[in-house]
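S.K.: Sharing a structure, written as structure tokens. Questions coming.
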Amino acid sequence: MNILVNGVPREVADGTTIAALLAQLEMPARQVAVEVNLELVPRAEHQRHALCEADRLEIVTLVGGG
């Protein structure tokens with residue numbers, strides 16, 4: 001199925017979860033925030049939130065500093 005990740009088209013398998021996508025992208029789940037169709041998905045739901053055709057994701061890396 002086709003989705004958009006940060007504005008870039010990407011093809012993923014049916015049933016792919018946010019957690020699986022983050023693993024494919026080699027992004028550390030603890031350091032990102034994920035929005036699906038303009039709604040923030042809590043990290044606790046990444047394992048069970050299955051993506052759907054034409055979903056639009058924004059993945060933002062969290063950076064600490066001071």
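Simple scheme: letters A, B, ... for chains in structure tokens order, numbers from 1 for residues in each chain, numbers from 1 for ligands in the order shown.
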Can you pull out the residues contacting stretch 26-41 of chain A? Cut-off 10 Å, using only C-alpha atoms, and skip same-chain residues under 5 positions away; I want them as a list in words.

M.R.: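 Non-adjacent residues within range: Leu4, Val5, Asn6, Ile18, Ala19, Ala20, Leu21, His46, His49, Leu51, Cys52, Ala54, Asp55, Arg56, Leu57, Glu58, Ile59, Val60, Thr61, Leu62, Val63 and Gly64 of chain A.
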
S.K.: May I have the selected residues written with C-alpha atoms, as an mmCIF file, in the first residue's frame?

M.R.:
```
data_model
loop_
_atom_site.group_PDB
_atom_site.id
_atom_site.type_symbol
_atom_site.label_atom_id
_atom_site.label_comp_id
_atom_site.auth_asym_id
_atom_site.auth_seq_id
_atom_site.Cartn_x
_atom_site.Cartn_y
_atom_site.Cartn_z
ATOM 1 C CA LEU A 4 3.316 9.495 2.575
ATOM 2 C CA VAL A 5 6.100 9.860 5.140
ATOM 3 C CA ASN A 6 7.140 13.461 5.714
ATOM 4 C CA ILE A 18 3.976 2.492 13.053
ATOM 5 C CA ALA A 19 6.519 0.501 15.090
ATOM 6 C CA ALA A 20 7.366 -1.677 12.077
ATOM 7 C CA LEU A 21 7.741 1.377 9.837
ATOM 8 C CA HIS A 46 2.785 2.432 17.857
ATOM 9 C CA HIS A 49 -1.592 1.158 15.120
ATOM 10 C CA LEU A 51 -1.331 2.015 8.739
ATOM 11 C CA CYS A 52 -3.896 2.349 5.945
ATOM 12 C CA ALA A 54 -3.008 6.890 1.658
ATOM 13 C CA ASP A 55 -2.145 7.651 5.309
ATOM 14 C CA ARG A 56 -0.035 10.767 5.711
ATOM 15 C CA LEU A 57 2.616 10.509 8.400
ATOM 16 C CA GLU A 58 4.824 13.168 9.880
ATOM 17 C CA ILE A 59 7.729 11.790 11.883
ATOM 18 C CA VAL A 60 9.605 14.313 13.970
ATOM 19 C CA THR A 61 12.881 13.598 15.746
ATOM 20 C CA LEU A 62 13.030 14.852 19.325
ATOM 21 C CA VAL A 63 16.216 16.679 20.225
ATOM 22 C CA GLY A 64 17.235 17.548 23.745
#
```

S.K.: For the structure I just gave you, how does DSSP split chain A - specifically, which residues are strand (DSSP E)? Reply as a list in words.

M.R.: Asn2, Ile3, Leu4, Val5, Val8, Pro9, Arg10, Glu11, Val32, Ala33, Val34, Glu35, Val36, Glu39, Leu40, Val41, Arg56, Leu57, Glu58, Ile59, Val60 and Thr61 of chain A

S.K.: Could you pull out the alpha helix (DSSP H) residues of chain A from DSSP and send them as a PyMOL selection string?

M.R.: chain A and resi 18-24

S.K.: Output N, CA, C and O atoms of each residue in that selection to a file, as a PDB file, in the first residue's frame.

M.R.:
```
ATOM      1  N   ILE A  18       3.031   1.385  12.898  1.00  0.00           N
ATOM      2  CA  ILE A  18       3.976   2.492  13.053  1.00  0.00           C
ATOM      3  C   ILE A  18       5.308   1.962  13.556  1.00  0.00           C
ATOM      4  O   ILE A  18       6.362   2.346  13.061  1.00  0.00           O
ATOM      5  N   ALA A  19       5.280   1.056  14.538  1.00  0.00           N
ATOM      6  CA  ALA A  19       6.519   0.501  15.090  1.00  0.00           C
ATOM      7  C   ALA A  19       7.329  -0.205  14.006  1.00  0.00           C
ATOM      8  O   ALA A  19       8.556  -0.044  13.930  1.00  0.00           O
ATOM      9  N   ALA A  20       6.667  -0.970  13.154  1.00  0.00           N
ATOM     10  CA  ALA A  20       7.366  -1.677  12.077  1.00  0.00           C
ATOM     11  C   ALA A  20       7.959  -0.687  11.082  1.00  0.00           C
ATOM     12  O   ALA A  20       9.085  -0.873  10.600  1.00  0.00           O
ATOM     13  N   LEU A  21       7.226   0.362  10.756  1.00  0.00           N
ATOM     14  CA  LEU A  21       7.741   1.377   9.837  1.00  0.00           C
ATOM     15  C   LEU A  21       8.972   2.058  10.422  1.00  0.00           C
ATOM     16  O   LEU A  21       9.973   2.251   9.733  1.00  0.00           O
ATOM     17  N   LEU A  22       8.912   2.421  11.701  1.00  0.00           N
ATOM     18  CA  LEU A  22      10.066   3.052  12.342  1.00  0.00           C
ATOM     19  C   LEU A  22      11.284   2.126  12.296  1.00  0.00           C
ATOM     20  O   LEU A  22      12.403   2.580  12.060  1.00  0.00           O
ATOM     21  N   ALA A  23      11.062   0.841  12.486  1.00  0.00           N
ATOM     22  CA  ALA A  23      12.169  -0.126  12.405  1.00  0.00           C
ATOM     23  C   ALA A  23      12.738  -0.162  10.993  1.00  0.00           C
ATOM     24  O   ALA A  23      13.966  -0.182  10.811  1.00  0.00           O
ATOM     25  N   GLN A  24      11.856  -0.161   9.983  1.00  0.00           N
ATOM     26  CA  GLN A  24      12.318  -0.158   8.584  1.00  0.00           C
ATOM     27  C   GLN A  24      13.144   1.081   8.279  1.00  0.00           C
ATOM     28  O   GLN A  24      14.117   1.031   7.528  1.00  0.00           O
TER      29      GLN A  24
END
```

S.K.: Which residues come within 7 Å of A:Ala50, counting only C-alpha atoms, excluding same-chain residues fewer than 4 positions away, as a VMD selection string?

M.R.: chain A and resid 15 to 18

S.K.: Contacts of A:Glu53 at 9 Å or less, counting only C-alpha atoms, minus same-chain residues fewer than 6 places along, as a list in words?

M.R.: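 Close residues of A:Glu53: Met1, Asn2, Ile3 and Asp14 of chain A.
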